[in-house]
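Asker: Below: one structure in structure tokens.
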Amino acid sequence: MIDATKYGPWAVITGGSEGIGATMAGDLAESGINVVLIARKPEPLQQVADHVRAKGVRARTLSLDLTDPAMLDQVREVTDDIEVGFLAYTAGSTHRTGPLVEWALEDVIKVIRLNVDGQAVLSHYFGGRMVERGRGAIILFGSNAGVAGSPTVAPYAGAKAFSQIFSESLRWEMKQHGVDVLHVIVGATNTPAMERLGIVYPGDMGVGGDEVARFALENITNGPVVVMPHLVEAVRERTITDRRAATEMNASRIMATTKTANN
Ligand SMILES: NC(=O)c1ccc[n+]([C@@H]2O[C@H](COP(=O)([O-])OP(=O)(O)OC[C@H]3O[C@@H](n4cnc5c(N)ncnc54)[C@H](OP(=O)(O)O)[C@@H]3O)[C@@H](O)[C@H]2O)c1
């Protein structure tokens, strides 16, 4: 159970329409916390909202592209009258791969807006109110791609590295005000978004979105950074001062994954 007196009465979950975000919404609802679900497609949002309401809490949905530079105005329209004690920013995958120079500039900017601007803007906004109230939590999602240079996803890898260092900094600033900040390093996870890309990780490589959501919720107070258990060794290997070697490890992993996905 999640402490609703500390992290309620409302949670905002970006990417709340499926996978990791939808599981978090359900678990928060079971603890009596109301949810605001944000994603682009309205139908999956409604489905999760109905599922959550059936557990006896309130749910609001906001169909919004978080890469819209004016997104905060829309988020405020649905949250200004409620007290948000929990922010989970799960949306963040890149759906584009390849050398940077082959990406459309628009896609580069979108990945950075979604992960860097989006996390910073909502953490600034909701974090400020949580600090005033002296309680709350912010969970930001990273990737093993952000632990070391990751060719073919350079903007994404850089954005996830931002997320980790940003979370580490915030954790120390906010802890003294009763606000928990956590960055979760996620890797190969079978989510609907990955399935749409045709990527299914075999059992020994990947985990389910439910596992990631529950691991994050169990570790709210264990910030600044937690690593999904199946990735601990890989992250340890990449946290070395020889950055060329670290990058080559990620390069080999990415090439192997691409091969698996194409087979
Ligand atoms: N799956 C993996 O293997 C893996 C590996 C490492 C890290 N991660 C991290 O784990 C988190 C979740 O990943 P995921 O695989 O579930 O895919 P995801 O695409 O990051 O998340 C899917 C959710 O985010 C919403 N979303 C995506 N882009 C959005 C946008 N621009 N504006 C608003 N909502 C948006 C989706 O709904 P709509 O499509 O309707 O907008 C859906 O609800 C991400 O931060 C990702 O970087 C995942």
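Residue names in the structure tokens use chain letters A, B, ... in the order shown, residue numbers from 1 in each chain, and ligand numbers from 1 in the order shown.
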How would you report the residues lying within 8 Å of ligand 1, as a VMD selection string, if you count only C-alpha atoms and all ligand atoms?
Answerer: chain A and resid 14 to 22 38 to 42 44 to 45 63 to 67 89 to 95 110 114 to 115 140 to 145 156 160 185 to 194 206 209
Asker: Selected residues, N, CA and C atoms, written as a short mmCIF file (atom, residue, chain, number, x, y, z; two decimals), in the first residue's frame, please.
Answerer:
```cif
data_model
loop_
_atom_site.label_atom_id
_atom_site.label_comp_id
_atom_site.auth_asym_id
_atom_site.auth_seq_id
_atom_site.Cartn_x
_atom_site.Cartn_y
_atom_site.Cartn_z
N THR A 14 2.11 10.72 -16.26
CA THR A 14 2.26 10.83 -17.72
C THR A 14 2.50 9.43 -18.27
N GLY A 15 1.94 9.16 -19.44
CA GLY A 15 2.02 7.79 -19.96
C GLY A 15 1.10 6.88 -19.17
N GLY A 16 0.04 7.46 -18.61
CA GLY A 16 -0.86 6.70 -17.74
C GLY A 16 -1.86 5.85 -18.49
N SER A 17 -1.77 5.78 -19.80
CA SER A 17 -2.81 5.06 -20.56
C SER A 17 -2.46 3.61 -20.83
N GLU A 18 -1.25 3.19 -20.47
CA GLU A 18 -0.87 1.79 -20.77
C GLU A 18 0.41 1.43 -20.01
N GLY A 19 0.75 0.15 -20.05
CA GLY A 19 2.04 -0.33 -19.56
C GLY A 19 2.35 0.12 -18.13
N ILE A 20 3.55 0.65 -17.96
CA ILE A 20 4.06 1.01 -16.63
C ILE A 20 3.11 2.02 -15.95
N GLY A 21 2.70 3.05 -16.69
CA GLY A 21 1.86 4.10 -16.12
C GLY A 21 0.49 3.58 -15.71
N ALA A 22 -0.09 2.69 -16.52
CA ALA A 22 -1.42 2.16 -16.19
C ALA A 22 -1.35 1.29 -14.94
N ILE A 38 -2.29 11.18 -18.20
CA ILE A 38 -1.94 11.99 -19.38
C ILE A 38 -1.31 11.11 -20.45
N ALA A 39 -1.79 11.23 -21.68
CA ALA A 39 -1.20 10.57 -22.86
C ALA A 39 -1.87 11.21 -24.07
N ARG A 40 -1.47 10.78 -25.25
CA ARG A 40 -2.05 11.42 -26.44
C ARG A 40 -3.38 10.78 -26.84
N LYS A 41 -3.45 9.47 -26.95
CA LYS A 41 -4.67 8.83 -27.49
C LYS A 41 -5.77 8.78 -26.43
N PRO A 42 -6.97 9.32 -26.75
CA PRO A 42 -8.02 9.41 -25.72
C PRO A 42 -8.61 8.06 -25.30
N PRO A 44 -7.45 4.78 -24.97
CA PRO A 44 -6.77 4.02 -23.90
C PRO A 44 -6.80 4.77 -22.56
N LEU A 45 -6.77 6.10 -22.62
CA LEU A 45 -6.86 6.88 -21.37
C LEU A 45 -8.19 6.60 -20.68
N SER A 63 -5.80 14.35 -22.73
CA SER A 63 -5.22 13.92 -24.00
C SER A 63 -4.30 15.05 -24.48
N LEU A 64 -3.01 14.80 -24.42
CA LEU A 64 -2.05 15.89 -24.63
C LEU A 64 -0.74 15.33 -25.17
N ASP A 65 -0.14 16.02 -26.11
CA ASP A 65 1.23 15.66 -26.53
C ASP A 65 2.19 16.45 -25.64
N LEU A 66 2.94 15.73 -24.84
CA LEU A 66 3.84 16.38 -23.88
C LEU A 66 4.99 17.12 -24.56
N THR A 67 5.16 16.93 -25.87
CA THR A 67 6.21 17.68 -26.56
C THR A 67 5.72 19.07 -26.99
N TYR A 89 6.49 10.38 -14.09
CA TYR A 89 6.68 10.76 -15.50
C TYR A 89 7.20 9.54 -16.24
N THR A 90 6.25 8.73 -16.75
CA THR A 90 6.68 7.48 -17.39
C THR A 90 6.87 7.63 -18.91
N ALA A 91 6.14 8.53 -19.56
CA ALA A 91 6.25 8.65 -21.03
C ALA A 91 7.68 9.05 -21.39
N GLY A 92 8.27 8.43 -22.41
CA GLY A 92 9.64 8.85 -22.72
C GLY A 92 10.37 8.05 -23.77
N SER A 93 9.78 6.98 -24.25
CA SER A 93 10.53 6.16 -25.21
C SER A 93 10.79 6.91 -26.51
N THR A 94 11.87 6.50 -27.17
CA THR A 94 12.08 7.02 -28.52
C THR A 94 11.53 5.99 -29.49
N HIS A 95 10.90 6.47 -30.51
CA HIS A 95 10.39 5.55 -31.52
C HIS A 95 11.19 5.71 -32.80
N LYS A 110 11.77 16.50 -30.45
CA LYS A 110 10.65 15.86 -29.71
C LYS A 110 11.15 14.98 -28.57
N LEU A 114 10.20 15.74 -24.79
CA LEU A 114 9.44 14.76 -24.00
C LEU A 114 10.18 14.41 -22.71
N ASN A 115 11.49 14.21 -22.83
CA ASN A 115 12.23 13.71 -21.66
C ASN A 115 12.87 14.81 -20.82
N LEU A 140 10.82 9.76 -11.83
CA LEU A 140 11.18 9.99 -13.22
C LEU A 140 11.83 8.72 -13.78
N PHE A 141 11.52 8.42 -15.02
CA PHE A 141 11.99 7.16 -15.59
C PHE A 141 13.14 7.37 -16.55
N GLY A 142 14.21 6.59 -16.33
CA GLY A 142 15.39 6.65 -17.18
C GLY A 142 15.56 5.35 -17.94
N SER A 143 16.78 5.15 -18.39
CA SER A 143 17.05 3.98 -19.23
C SER A 143 18.51 3.57 -19.10
N ASN A 144 18.77 2.29 -19.35
CA ASN A 144 20.18 1.89 -19.38
C ASN A 144 20.89 2.58 -20.54
N ALA A 145 20.13 3.07 -21.52
CA ALA A 145 20.76 3.84 -22.61
C ALA A 145 21.34 5.15 -22.09
N TYR A 156 18.03 10.40 -27.23
CA TYR A 156 17.34 9.70 -26.14
C TYR A 156 18.31 9.40 -25.00
N LYS A 160 18.08 10.85 -21.21
CA LYS A 160 17.94 9.99 -20.03
C LYS A 160 19.09 10.23 -19.04
N ILE A 185 16.08 3.38 -13.30
CA ILE A 185 16.76 2.97 -14.53
C ILE A 185 16.10 1.70 -15.06
N VAL A 186 15.49 1.87 -16.21
CA VAL A 186 14.70 0.81 -16.84
C VAL A 186 15.47 0.29 -18.05
N GLY A 187 15.34 -1.01 -18.32
CA GLY A 187 15.91 -1.58 -19.55
C GLY A 187 14.89 -2.50 -20.15
N ALA A 188 15.27 -3.19 -21.19
CA ALA A 188 14.40 -4.12 -21.90
C ALA A 188 13.12 -4.50 -21.15
N THR A 189 12.02 -3.86 -21.52
CA THR A 189 10.73 -4.09 -20.85
C THR A 189 9.65 -4.29 -21.91
N ASN A 190 8.88 -5.33 -21.75
CA ASN A 190 7.82 -5.60 -22.73
C ASN A 190 6.59 -4.75 -22.41
N THR A 191 6.47 -3.65 -23.14
CA THR A 191 5.34 -2.73 -22.95
C THR A 191 4.56 -2.65 -24.27
N PRO A 192 3.34 -2.13 -24.24
CA PRO A 192 2.60 -1.96 -25.49
C PRO A 192 3.36 -1.11 -26.50
N ALA A 193 4.09 -0.11 -26.01
CA ALA A 193 4.85 0.76 -26.94
C ALA A 193 5.92 -0.05 -27.68
N MET A 194 6.59 -0.93 -26.96
CA MET A 194 7.62 -1.77 -27.60
C MET A 194 6.96 -2.74 -28.57
N GLY A 206 14.08 -9.59 -20.91
CA GLY A 206 13.16 -8.51 -20.57
C GLY A 206 12.30 -8.79 -19.36
N GLY A 209 6.01 -4.57 -17.88
CA GLY A 209 5.77 -3.22 -17.38
C GLY A 209 5.28 -3.21 -15.93
#
```
Asker: List the neighbours of region 126-134 of chain A out to 9 Å using only C-alpha atoms; skip same-chain residues closer than 3 positions along the sequence, and give me the result as a PyMOL selection string.
Answerer: chain A and resi 83-87+121-123+137-138+174+176-179
Asker: Those residues with C-alpha atoms, as a PDB file, in the first residue's frame please?
Answerer:
```pdb
ATOM      1  CA  GLU A  83      -3.765  18.832  -4.614  1.00  0.00           C
ATOM      2  CA  VAL A  84      -1.169  16.719  -6.417  1.00  0.00           C
ATOM      3  CA  GLY A  85       1.094  14.769  -4.058  1.00  0.00           C
ATOM      4  CA  PHE A  86       2.612  12.374  -6.566  1.00  0.00           C
ATOM      5  CA  LEU A  87       4.091  12.809 -10.036  1.00  0.00           C
ATOM      6  CA  VAL A 121       8.675  21.545 -16.382  1.00  0.00           C
ATOM      7  CA  LEU A 122       6.374  19.195 -14.444  1.00  0.00           C
ATOM      8  CA  SER A 123       8.923  18.598 -11.654  1.00  0.00           C
ATOM      9  CA  ALA A 137       6.940  12.229  -4.442  1.00  0.00           C
ATOM     10  CA  ILE A 138       8.338  12.572  -7.944  1.00  0.00           C
ATOM     11  CA  MET A 174      13.621  18.201  -1.822  1.00  0.00           C
ATOM     12  CA  GLN A 176      14.635  18.101   3.507  1.00  0.00           C
ATOM     13  CA  HIS A 177      11.140  19.359   2.576  1.00  0.00           C
ATOM     14  CA  GLY A 178       9.556  15.913   2.848  1.00  0.00           C
ATOM     15  CA  VAL A 179       9.438  15.237  -0.902  1.00  0.00           C
TER      16      VAL A 179
END
```
Asker: Determine, counting only C-alpha atoms, which protein, DNA and RNA residues have an atom within 12 Å of an atom of Arg214 (chain A); residues of the same chain fewer than 5 positions away are not included. Present the result as an mmCIF file with C-alpha atoms, in the first residue's frame.
Answerer:
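Written output follows (selection19.cif):
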```cif
data_model
loop_
_atom_site.group_PDB
_atom_site.id
_atom_site.type_symbol
_atom_site.label_atom_id
_atom_site.label_comp_id
_atom_site.auth_asym_id
_atom_site.auth_seq_id
_atom_site.Cartn_x
_atom_site.Cartn_y
_atom_site.Cartn_z
ATOM 1 C CA MET A 1 0.000 0.000 0.000
ATOM 2 C CA ILE A 2 1.158 3.522 -0.770
ATOM 3 C CA GLY A 19 2.044 -0.329 -19.559
ATOM 4 C CA ILE A 20 4.057 1.009 -16.630
ATOM 5 C CA GLY A 21 1.863 4.098 -16.115
ATOM 6 C CA ALA A 22 -1.416 2.157 -16.193
ATOM 7 C CA THR A 23 -0.166 -0.333 -13.596
ATOM 8 C CA MET A 24 0.965 2.520 -11.363
ATOM 9 C CA ALA A 25 -2.458 4.141 -11.707
ATOM 10 C CA GLY A 26 -4.173 0.917 -10.610
ATOM 11 C CA ASP A 27 -1.866 0.437 -7.622
ATOM 12 C CA LEU A 28 -2.221 4.053 -6.500
ATOM 13 C CA VAL A 184 14.308 4.449 -12.051
ATOM 14 C CA VAL A 207 10.666 -7.869 -17.778
ATOM 15 C CA GLY A 208 7.022 -6.788 -17.844
ATOM 16 C CA GLY A 209 5.766 -3.218 -17.381
ATOM 17 C CA ASN A 219 11.266 2.158 -3.843
ATOM 18 C CA ILE A 220 9.677 5.626 -3.541
ATOM 19 C CA MET A 228 15.786 -2.615 -12.199
#
```
Asker: Just give me the gap between CA of Thr221 (chain A) and CA of Glu173 (chain A) in Å, one decimal is fine.
Answerer: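 Spanning CA of Thr221 (chain A) to CA of Glu173 (chain A) is a straight-line distance of 14.3 Å.
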Asker: State, in Å with one decimal place, the distance from CA of Gly203 (chain A) to CA of Pro99 (chain A).
Answerer: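 Here the two named atoms are 28.7 Å from each other.
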Asker: DSSP on the backbone: what in region 15-238 of chain A comes out strand (DSSP E or B), as a PyMOL selection string?
Answerer: chain A and resi 34-39+59-63+84-89+136-143+179-186+189-190+207-208+225-227
Asker: For CA of Val78 (chain A) and CA of Val111 (chain A), quote the distance in Å rounded to one decimal.
Answerer: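 Between CA of Val78 (chain A) and CA of Val111 (chain A) the gap is 24.3 Å.
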Asker: Looking at A:Gly158, A:Gly56, A:Gly118, A:Gly98, which one is nearest to Leu72 (chain A), with distances taken over only C-alpha atoms?
Answerer: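 Looking only at the distances to Leu72 (chain A), the closest residue turns out to be A:Gly118.
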Asker: Ranking A:Arg96, A:Met255, A:Val212, A:Trp172 by minimum distance to Ile109 (chain A) and counting only C-alpha atoms, which one comes first?
Answerer: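 That would be A:Arg96, the residue with the smallest distance to Ile109 (chain A).
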Asker: Find the residue from A:Arg135, A:Arg238, A:Lys6, A:Arg244 that sits nearest to Ser31 (chain A); use only C-alpha atoms when measuring.
Answerer: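 Smallest distance to Ser31 (chain A) is found for A:Lys6.
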Asker: Find the residue from A:Ala11, A:Val108, A:Ile240, A:Ala154 that sits nearest to Val57 (chain A); use only C-alpha atoms when measuring.
Answerer: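 That would be A:Ala11, the residue with the smallest distance to Val57 (chain A).
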Asker: Write down as number ranges by chain the residues belonging to region 35-243 of chain A that are assigned alpha helix (DSSP H) by DSSP computed on the backbone.
Answerer: A: 42-53, 71-79, 105-112, 118-133, 154-175, 192-196, 209-218, 232-238, 243
Asker: Would you mind telling me which residue in A:Val36, A:Ala213, A:Ile139, A:Val225 lies nearest to Val48 (chain A) when using only C-alpha atoms?
Answerer: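 The shortest atom-to-atom distance to Val48 (chain A) comes from A:Val36.
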Asker: Considering only C-alpha atoms, state which residue in the set A:Ala59, A:Asp73, A:Ala161, A:Gly8 is at the smallest distance from Gly149 (chain A).
Answerer: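 Answer, going by the shortest atom-to-atom distance: A:Ala161.
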